[in-house]
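> The file below is target_20.cif, mmCIF, N, CA and C atoms:
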data_model
loop_
_atom_site.label_atom_id
_atom_site.label_comp_id
_atom_site.auth_asym_id
_atom_site.auth_seq_id
_atom_site.Cartn_x
_atom_site.Cartn_y
_atom_site.Cartn_z
N MET A 641 66.97 57.88 66.23
CA MET A 641 68.30 57.35 66.46
C MET A 641 68.71 57.61 67.91
N VAL A 642 69.29 56.60 68.54
CA VAL A 642 69.74 56.71 69.92
C VAL A 642 71.17 57.22 69.94
N HIS A 643 71.41 58.22 70.79
CA HIS A 643 72.76 58.76 70.93
C HIS A 643 73.35 58.29 72.25
N GLY A 644 74.63 58.00 72.27
CA GLY A 644 75.31 57.61 73.50
C GLY A 644 75.10 56.16 73.85
N SER A 645 75.35 55.85 75.11
CA SER A 645 75.27 54.49 75.63
C SER A 645 73.84 53.96 75.59
N THR A 646 73.71 52.65 75.42
CA THR A 646 72.39 52.02 75.47
C THR A 646 72.21 51.24 76.77
N SER A 647 73.09 51.49 77.75
CA SER A 647 73.02 50.83 79.04
C SER A 647 73.31 51.84 80.14
N LEU A 648 72.56 51.78 81.24
CA LEU A 648 72.70 52.76 82.32
C LEU A 648 72.34 52.11 83.64
N THR A 649 73.15 52.32 84.67
CA THR A 649 72.85 51.83 86.01
C THR A 649 72.31 53.00 86.82
N THR A 650 71.21 52.78 87.54
CA THR A 650 70.52 53.84 88.25
C THR A 650 70.36 53.50 89.72
N LYS A 651 70.46 54.51 90.57
CA LYS A 651 70.12 54.38 91.99
C LYS A 651 69.04 55.38 92.29
N LEU A 652 68.10 55.00 93.13
CA LEU A 652 66.97 55.84 93.48
C LEU A 652 66.77 55.78 94.99
N LEU A 653 66.78 56.93 95.65
CA LEU A 653 66.50 57.03 97.07
C LEU A 653 65.02 57.27 97.23
N LEU A 654 64.32 56.39 97.96
CA LEU A 654 62.87 56.42 97.96
C LEU A 654 62.29 56.15 99.34
N PRO A 655 61.55 57.11 99.93
CA PRO A 655 60.81 56.80 101.16
C PRO A 655 59.61 55.94 100.80
N ILE A 656 59.34 54.92 101.58
CA ILE A 656 58.28 53.98 101.25
C ILE A 656 56.97 54.33 101.96
N ILE A 657 56.82 54.09 103.26
CA ILE A 657 55.59 54.39 104.00
C ILE A 657 55.94 55.01 105.34
N ALA A 658 54.98 55.66 105.99
CA ALA A 658 55.24 56.28 107.29
C ALA A 658 54.98 55.26 108.39
N PRO A 659 55.82 55.13 109.40
CA PRO A 659 57.12 55.80 109.50
C PRO A 659 58.09 55.12 108.55
N SER A 660 58.28 55.76 107.44
CA SER A 660 58.87 55.10 106.29
C SER A 660 60.36 54.87 106.38
N PRO A 661 60.76 53.66 105.94
CA PRO A 661 62.18 53.46 105.74
C PRO A 661 62.58 54.25 104.48
N ILE A 662 63.76 54.77 104.49
CA ILE A 662 64.33 55.38 103.31
C ILE A 662 65.15 54.29 102.65
N VAL A 663 64.82 53.97 101.41
CA VAL A 663 65.44 52.84 100.74
C VAL A 663 66.16 53.31 99.49
N THR A 664 67.35 52.80 99.28
CA THR A 664 68.06 53.03 98.03
C THR A 664 67.85 51.80 97.16
N PHE A 665 67.32 52.02 95.95
CA PHE A 665 67.12 50.94 95.00
C PHE A 665 68.09 51.13 93.85
N GLY A 666 68.50 50.04 93.26
CA GLY A 666 69.33 50.10 92.07
C GLY A 666 68.76 49.21 90.99
N TRP A 667 68.96 49.61 89.75
CA TRP A 667 68.57 48.79 88.60
C TRP A 667 69.40 49.20 87.41
N MET A 668 69.41 48.37 86.40
CA MET A 668 70.11 48.69 85.17
C MET A 668 69.08 48.81 84.06
N THR A 669 69.19 49.85 83.27
CA THR A 669 68.30 50.06 82.14
C THR A 669 69.10 49.84 80.86
N GLN A 670 68.53 49.09 79.95
CA GLN A 670 69.14 48.89 78.63
C GLN A 670 68.13 49.24 77.57
N LEU A 671 68.60 49.83 76.51
CA LEU A 671 67.73 50.25 75.42
C LEU A 671 68.03 49.40 74.20
N ASP A 672 66.99 48.84 73.62
CA ASP A 672 67.11 48.08 72.39
C ASP A 672 66.82 49.04 71.24
N PRO A 673 67.84 49.53 70.55
CA PRO A 673 67.63 50.53 69.50
C PRO A 673 66.70 50.07 68.38
N THR A 674 66.56 48.75 68.19
CA THR A 674 65.68 48.27 67.12
C THR A 674 64.21 48.40 67.49
N LYS A 675 63.89 48.56 68.79
CA LYS A 675 62.50 48.67 69.24
C LYS A 675 62.17 50.04 69.81
N ALA A 676 63.14 50.89 69.97
CA ALA A 676 62.97 52.10 70.77
C ALA A 676 62.57 53.35 70.00
N GLN A 677 62.20 53.23 68.76
CA GLN A 677 61.92 54.41 67.94
C GLN A 677 60.86 55.32 68.56
N ALA A 678 59.76 54.74 69.04
CA ALA A 678 58.67 55.56 69.59
C ALA A 678 59.11 56.33 70.83
N ILE A 679 59.81 55.68 71.75
CA ILE A 679 60.24 56.36 72.97
C ILE A 679 61.29 57.41 72.65
N VAL A 680 62.13 57.13 71.68
CA VAL A 680 63.16 58.10 71.28
C VAL A 680 62.49 59.34 70.68
N GLU A 681 61.50 59.15 69.85
CA GLU A 681 60.81 60.29 69.24
C GLU A 681 60.02 61.10 70.26
N GLU A 682 59.45 60.42 71.24
CA GLU A 682 58.59 61.08 72.22
C GLU A 682 59.36 61.70 73.39
N VAL A 683 60.39 61.04 73.86
CA VAL A 683 61.04 61.44 75.12
C VAL A 683 62.43 62.03 74.93
N GLY A 684 63.27 61.40 74.13
CA GLY A 684 64.63 61.89 73.98
C GLY A 684 65.49 60.90 73.24
N THR A 685 66.62 61.37 72.78
CA THR A 685 67.47 60.52 71.95
C THR A 685 68.60 59.84 72.72
N ASP A 686 68.71 60.10 74.03
CA ASP A 686 69.75 59.41 74.79
C ASP A 686 69.13 58.71 75.99
N LEU A 687 69.76 57.65 76.43
CA LEU A 687 69.20 56.83 77.50
C LEU A 687 69.05 57.60 78.80
N ARG A 688 69.98 58.47 79.11
CA ARG A 688 69.88 59.24 80.36
C ARG A 688 68.60 60.08 80.38
N THR A 689 68.27 60.72 79.27
CA THR A 689 67.03 61.51 79.19
C THR A 689 65.80 60.62 79.31
N ILE A 690 65.82 59.49 78.62
CA ILE A 690 64.70 58.54 78.70
C ILE A 690 64.56 58.04 80.13
N GLU A 691 65.67 57.74 80.77
CA GLU A 691 65.67 57.27 82.16
C GLU A 691 65.05 58.33 83.09
N GLU A 692 65.50 59.56 82.97
CA GLU A 692 65.03 60.63 83.86
C GLU A 692 63.57 61.00 83.62
N LYS A 693 63.15 61.07 82.37
CA LYS A 693 61.80 61.54 82.05
C LYS A 693 60.75 60.45 82.07
N TYR A 694 61.15 59.20 81.86
CA TYR A 694 60.16 58.15 81.72
C TYR A 694 60.35 56.98 82.69
N VAL A 695 61.53 56.38 82.67
CA VAL A 695 61.76 55.16 83.46
C VAL A 695 61.74 55.45 84.95
N ARG A 696 62.47 56.46 85.39
CA ARG A 696 62.59 56.76 86.81
C ARG A 696 61.23 57.06 87.46
N PRO A 697 60.39 57.94 86.87
CA PRO A 697 59.08 58.18 87.50
C PRO A 697 58.20 56.92 87.55
N LEU A 698 58.25 56.12 86.50
CA LEU A 698 57.48 54.88 86.48
C LEU A 698 58.01 53.91 87.53
N ALA A 699 59.32 53.76 87.60
CA ALA A 699 59.94 52.86 88.58
C ALA A 699 59.62 53.32 90.00
N ARG A 700 59.71 54.61 90.24
CA ARG A 700 59.41 55.14 91.57
C ARG A 700 57.99 54.74 92.00
N SER A 701 57.04 54.91 91.11
CA SER A 701 55.65 54.59 91.41
C SER A 701 55.44 53.10 91.65
N ILE A 702 55.98 52.28 90.77
CA ILE A 702 55.79 50.83 90.87
C ILE A 702 56.51 50.27 92.10
N ILE A 703 57.73 50.69 92.34
CA ILE A 703 58.48 50.21 93.51
C ILE A 703 57.77 50.63 94.79
N ARG A 704 57.34 51.87 94.86
CA ARG A 704 56.63 52.35 96.05
C ARG A 704 55.35 51.52 96.27
N ASP A 705 54.59 51.27 95.22
CA ASP A 705 53.37 50.47 95.35
C ASP A 705 53.67 49.08 95.90
N GLU A 706 54.67 48.42 95.35
CA GLU A 706 54.97 47.05 95.79
C GLU A 706 55.51 47.01 97.21
N PHE A 707 56.37 47.96 97.57
CA PHE A 707 56.95 47.95 98.91
C PHE A 707 55.97 48.45 99.96
N ASN A 708 55.00 49.25 99.57
CA ASN A 708 53.97 49.70 100.52
C ASN A 708 53.07 48.56 100.96
N ARG A 709 53.10 47.46 100.25
CA ARG A 709 52.29 46.30 100.64
C ARG A 709 52.91 45.56 101.84
N LEU A 710 54.17 45.86 102.14
CA LEU A 710 54.87 45.18 103.23
C LEU A 710 54.63 45.89 104.56
N SER A 711 54.45 45.13 105.62
CA SER A 711 54.42 45.72 106.96
C SER A 711 55.88 46.01 107.35
N SER A 712 56.07 46.74 108.45
CA SER A 712 57.43 47.03 108.90
C SER A 712 58.21 45.76 109.17
N SER A 713 57.56 44.77 109.81
CA SER A 713 58.27 43.53 110.11
C SER A 713 58.57 42.74 108.83
N GLU A 714 57.64 42.76 107.87
CA GLU A 714 57.89 42.08 106.60
C GLU A 714 59.04 42.75 105.85
N PHE A 715 59.12 44.06 105.96
CA PHE A 715 60.18 44.79 105.27
C PHE A 715 61.56 44.29 105.69
N TYR A 716 61.69 43.91 106.97
CA TYR A 716 62.98 43.43 107.46
C TYR A 716 63.25 41.97 107.13
N ALA A 717 62.28 41.27 106.58
CA ALA A 717 62.48 39.87 106.17
C ALA A 717 63.03 39.88 104.74
N ASP A 718 64.24 39.40 104.58
CA ASP A 718 64.90 39.43 103.27
C ASP A 718 64.04 38.84 102.17
N ASP A 719 63.40 37.69 102.44
CA ASP A 719 62.62 37.04 101.40
C ASP A 719 61.43 37.90 100.96
N LYS A 720 60.78 38.58 101.90
CA LYS A 720 59.64 39.44 101.56
C LYS A 720 60.10 40.67 100.77
N ARG A 721 61.22 41.24 101.18
CA ARG A 721 61.76 42.42 100.50
C ARG A 721 62.16 42.07 99.06
N PHE A 722 62.80 40.95 98.88
CA PHE A 722 63.22 40.57 97.53
C PHE A 722 62.05 40.09 96.68
N GLU A 723 61.02 39.54 97.33
CA GLU A 723 59.80 39.18 96.60
C GLU A 723 59.12 40.45 96.05
N ALA A 724 59.06 41.49 96.88
CA ALA A 724 58.47 42.76 96.42
C ALA A 724 59.30 43.35 95.28
N ALA A 725 60.63 43.26 95.38
CA ALA A 725 61.50 43.77 94.32
C ALA A 725 61.29 42.99 93.03
N SER A 726 61.12 41.68 93.13
CA SER A 726 60.88 40.85 91.94
C SER A 726 59.56 41.21 91.27
N LYS A 727 58.53 41.44 92.09
CA LYS A 727 57.24 41.84 91.53
C LYS A 727 57.35 43.19 90.82
N ALA A 728 58.06 44.13 91.45
CA ALA A 728 58.25 45.44 90.83
C ALA A 728 58.97 45.31 89.50
N LYS A 729 59.98 44.45 89.44
CA LYS A 729 60.73 44.24 88.20
C LYS A 729 59.82 43.69 87.10
N LEU A 730 58.98 42.71 87.44
CA LEU A 730 58.07 42.13 86.45
C LEU A 730 57.10 43.17 85.90
N ILE A 731 56.56 44.00 86.76
CA ILE A 731 55.63 45.04 86.32
C ILE A 731 56.35 46.05 85.43
N LEU A 732 57.57 46.44 85.82
CA LEU A 732 58.36 47.35 85.00
C LEU A 732 58.67 46.74 83.64
N GLU A 733 59.04 45.47 83.63
CA GLU A 733 59.34 44.80 82.36
C GLU A 733 58.12 44.80 81.44
N GLU A 734 56.95 44.49 81.99
CA GLU A 734 55.73 44.47 81.18
C GLU A 734 55.44 45.84 80.58
N ALA A 735 55.70 46.89 81.33
CA ALA A 735 55.41 48.25 80.86
C ALA A 735 56.46 48.75 79.87
N LEU A 736 57.71 48.37 80.07
CA LEU A 736 58.80 48.97 79.30
C LEU A 736 59.28 48.16 78.11
N GLU A 737 59.13 46.84 78.15
CA GLU A 737 59.65 45.99 77.08
C GLU A 737 59.10 46.36 75.70
N PRO A 738 57.79 46.64 75.57
CA PRO A 738 57.28 47.01 74.25
C PRO A 738 57.92 48.29 73.68
N LEU A 739 58.48 49.10 74.57
CA LEU A 739 59.14 50.34 74.14
C LEU A 739 60.62 50.14 73.85
N GLY A 740 61.09 48.91 74.00
CA GLY A 740 62.50 48.63 73.75
C GLY A 740 63.39 48.91 74.94
N ILE A 741 62.80 49.00 76.13
CA ILE A 741 63.58 49.28 77.35
C ILE A 741 63.58 48.02 78.20
N LYS A 742 64.76 47.58 78.55
CA LYS A 742 64.92 46.38 79.38
C LYS A 742 65.43 46.81 80.75
N ILE A 743 64.89 46.17 81.79
CA ILE A 743 65.28 46.47 83.16
C ILE A 743 65.99 45.26 83.72
N GLY A 744 67.18 45.51 84.29
CA GLY A 744 67.88 44.45 85.02
C GLY A 744 67.24 44.29 86.38
N SER A 745 67.81 43.52 87.24
CA SER A 745 67.20 43.28 88.55
C SER A 745 66.98 44.59 89.31
N VAL A 746 65.85 44.66 90.00
CA VAL A 746 65.54 45.79 90.87
C VAL A 746 65.95 45.35 92.27
N GLU A 747 66.90 46.06 92.87
CA GLU A 747 67.45 45.61 94.15
C GLU A 747 67.39 46.69 95.20
N PRO A 748 66.74 46.38 96.35
CA PRO A 748 66.84 47.30 97.49
C PRO A 748 68.26 47.17 98.04
N GLN A 749 69.02 48.26 98.05
CA GLN A 749 70.44 48.17 98.38
C GLN A 749 70.76 48.62 99.80
N ASP A 750 70.03 49.58 100.31
CA ASP A 750 70.30 50.10 101.64
C ASP A 750 69.00 50.66 102.17
N TYR A 751 68.76 50.53 103.45
CA TYR A 751 67.55 51.10 104.02
C TYR A 751 67.78 51.48 105.48
N HIS A 752 67.06 52.51 105.88
CA HIS A 752 67.08 52.97 107.27
C HIS A 752 65.85 53.84 107.51
N PHE A 753 65.52 54.04 108.77
CA PHE A 753 64.41 54.91 109.13
C PHE A 753 64.97 56.28 109.52
N LYS A 754 64.28 57.34 109.13
CA LYS A 754 64.71 58.70 109.47
C LYS A 754 64.74 58.91 110.98
N ASP A 755 63.74 58.38 111.66
CA ASP A 755 63.62 58.52 113.11
C ASP A 755 64.58 57.54 113.78
N ALA A 756 65.63 58.05 114.41
CA ALA A 756 66.68 57.21 115.00
C ALA A 756 66.13 56.30 116.09
N GLU A 757 65.18 56.78 116.89
CA GLU A 757 64.59 55.96 117.94
C GLU A 757 63.78 54.81 117.34
N TYR A 758 63.05 55.09 116.31
CA TYR A 758 62.27 54.05 115.64
C TYR A 758 63.21 53.01 115.03
N GLN A 759 64.28 53.48 114.40
CA GLN A 759 65.28 52.58 113.81
C GLN A 759 65.88 51.69 114.89
N LYS A 760 66.19 52.28 116.04
CA LYS A 760 66.78 51.52 117.15
C LYS A 760 65.80 50.45 117.65
N ALA A 761 64.51 50.80 117.78
CA ALA A 761 63.51 49.84 118.23
C ALA A 761 63.37 48.69 117.24
N ILE A 762 63.37 49.00 115.95
CA ILE A 762 63.28 47.96 114.92
C ILE A 762 64.50 47.06 114.97
N ASP A 763 65.69 47.67 115.07
CA ASP A 763 66.94 46.88 115.15
C ASP A 763 66.94 45.97 116.38
N ASN A 764 66.49 46.51 117.52
CA ASN A 764 66.44 45.70 118.76
C ASN A 764 65.48 44.52 118.60
N ALA A 765 64.31 44.79 118.02
CA ALA A 765 63.32 43.72 117.81
C ALA A 765 63.86 42.67 116.86
N LYS A 766 64.56 43.12 115.82
CA LYS A 766 65.12 42.20 114.83
C LYS A 766 66.20 41.33 115.48
N ASN A 767 67.06 41.95 116.30
CA ASN A 767 68.14 41.22 116.95
C ASN A 767 67.64 40.27 118.04
N ALA A 768 66.51 40.61 118.66
CA ALA A 768 65.93 39.77 119.71
C ALA A 768 65.29 38.52 119.14
N GLY A 769 64.81 38.62 117.89
CA GLY A 769 64.09 37.50 117.26
C GLY A 769 64.99 36.58 116.62
#
Let me see the file written as structure tokens.


Amino acid sequence: MVHGSTSLTTKLLLPIIAPSPIVTFGWMTQLDPTKAQAIVEEVGTDLRTIEEKYVRPLARSIIRDEFNRLSSSEFYADDKRFEAASKAKLILEEALEPLGIKIGSVEPQDYHFKDAEYQKAIDNAKNAG
């Protein structure tokens, strides 16, 4: 039996590659109580626990894999960034749907580079083009 809400919005701060942008991703997780018996028995009875112990680590891995395929210049191209997010969402859906977990859109919400000089060079190149 699932306790509490069956819907949860999550944000994840994730470094992608070196010199890695630090990216904040957001997604919504929904639990279908009619399909979720196995995950509830194995992981926890509330969505927050399932999210922390199962969904978040899987999402971190899949998102990192998809975004690591982008070069720095591709990362700054909106269409490439959203294409990578769409691929990550599809992979997450395939892995989680049989467990009764549904993922809303995976969205890169904010990004920056830790190295201020590198960030400035990227911003200048982007603005020049």

> Do you have the CA of Glu691 in chain A-CA of Thr669 in chain A distance handy?

7.7 Å

> Given the file above and the PyMOL selection byres ((chain A and resi 752) around 6), which residues are selected, and can you give them as a ChimeraX atom specification?

/A:660-663,750-751,753-754

> Please give the complete set of residues from range 647-741 of chain A that DSSP, run on the backbone, assigns to strand (DSSP E or B), formatted as a count of residues only.

22

> On this structure, the PyMOL selection byres ((chain A and resi 744) around 5) would catch which residues? List them as a list in words, sorted by chain and number.

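Taken on the displayed file, the PyMOL selection byres ((chain A and resi 744) around 5) yields the residues Met668, Thr669, Lys742, Ile743, Ser745 and Val746 of chain A.
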
> Can you measure CA of Leu736 in chain A to CA of Val695 in chain A for me? One decimal in Å is fine.

8.0 Å

> Pick out the closest residue to Thr674 in chain A from this set: A:Ile762, A:Ala768, A:Leu739, A:Lys693. Count all atoms listed in the file.

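Of the candidates, the smallest distance to Thr674 in chain A is held by A:Leu739.
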
> Here's the selection I'm unsure about, the PyMOL selection byres (((chain A and resi 680 and name CA) around 12) and name CA); applied to the file above, which residues does it give, as a VMD selection string?

chain A and resid 641 to 643 646 671 to 679 681 to 691 693 to 694 739 to 741

> What does the structure give for the distance between CA of Ala761 in chain A and CA of Ile703 in chain A, in Å to one decimal?

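Distance reported for this atom pair: 25.2 Å.
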
> Please work out which residues fall within 8 Å of (56.2, 49.1, 93.1), coordinates as given in the file, with all atoms listed in the file counting, and return them as a list in words.

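The requested residues, written out, are Leu698, Ala699, Arg700, Ser701, Ile702, Ile703, Arg704, Asp705, Glu706, Phe707, Asn708, Arg709, Ala724, Ala725, Lys727, Ala728, Lys729, Ile731 and Leu732 of chain A.
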
> Need the shell around Lys766 in chain A: protein/DNA/RNA residues with any atom at most 12 Å away, counting only C-alpha atoms. Skip same-chain ones fewer than 5 positions apart. Format as a JSON list (two decimals) with N, CA and C atoms, keeping the file's coordinate frame?


[["chain", "number", "residue", "atom", "x", "y", "z"],
["A", 712, "SER", "N", 56.07, 46.74, 108.45],
["A", 712, "SER", "CA", 57.43, 47.03, 108.90],
["A", 712, "SER", "C", 58.21, 45.76, 109.17],
["A", 713, "SER", "N", 57.56, 44.77, 109.81],
["A", 713, "SER", "CA", 58.27, 43.53, 110.11],
["A", 713, "SER", "C", 58.57, 42.74, 108.83],
["A", 714, "GLU", "N", 57.64, 42.76, 107.87],
["A", 714, "GLU", "CA", 57.89, 42.08, 106.60],
["A", 714, "GLU", "C", 59.04, 42.75, 105.85],
["A", 715, "PHE", "N", 59.12, 44.06, 105.96],
["A", 715, "PHE", "CA", 60.18, 44.79, 105.27],
["A", 715, "PHE", "C", 61.56, 44.29, 105.69],
["A", 716, "TYR", "N", 61.69, 43.91, 106.97],
["A", 716, "TYR", "CA", 62.98, 43.43, 107.46],
["A", 716, "TYR", "C", 63.25, 41.97, 107.13],
["A", 717, "ALA", "N", 62.28, 41.27, 106.58],
["A", 717, "ALA", "CA", 62.48, 39.87, 106.17],
["A", 717, "ALA", "C", 63.03, 39.88, 104.74],
["A", 718, "ASP", "N", 64.24, 39.40, 104.58],
["A", 718, "ASP", "CA", 64.90, 39.43, 103.27],
["A", 718, "ASP", "C", 64.04, 38.84, 102.17],
["A", 759, "GLN", "N", 64.28, 53.48, 114.40],
["A", 759, "GLN", "CA", 65.28, 52.58, 113.81],
["A", 759, "GLN", "C", 65.88, 51.69, 114.89],
["A", 760, "LYS", "N", 66.19, 52.28, 116.04],
["A", 760, "LYS", "CA", 66.78, 51.52, 117.15],
["A", 760, "LYS", "C", 65.80, 50.45, 117.65],
["A", 761, "ALA", "N", 64.51, 50.80, 117.78],
["A", 761, "ALA", "CA", 63.51, 49.84, 118.23],
["A", 761, "ALA", "C", 63.37, 48.69, 117.24]]

> Extract the full set of helix (DSSP H, G or I) residues from chain A according to DSSP on the backbone, and format it as a PyMOL selection string.

chain A and resi 677-682+687-708+712-715+718-739+756-768
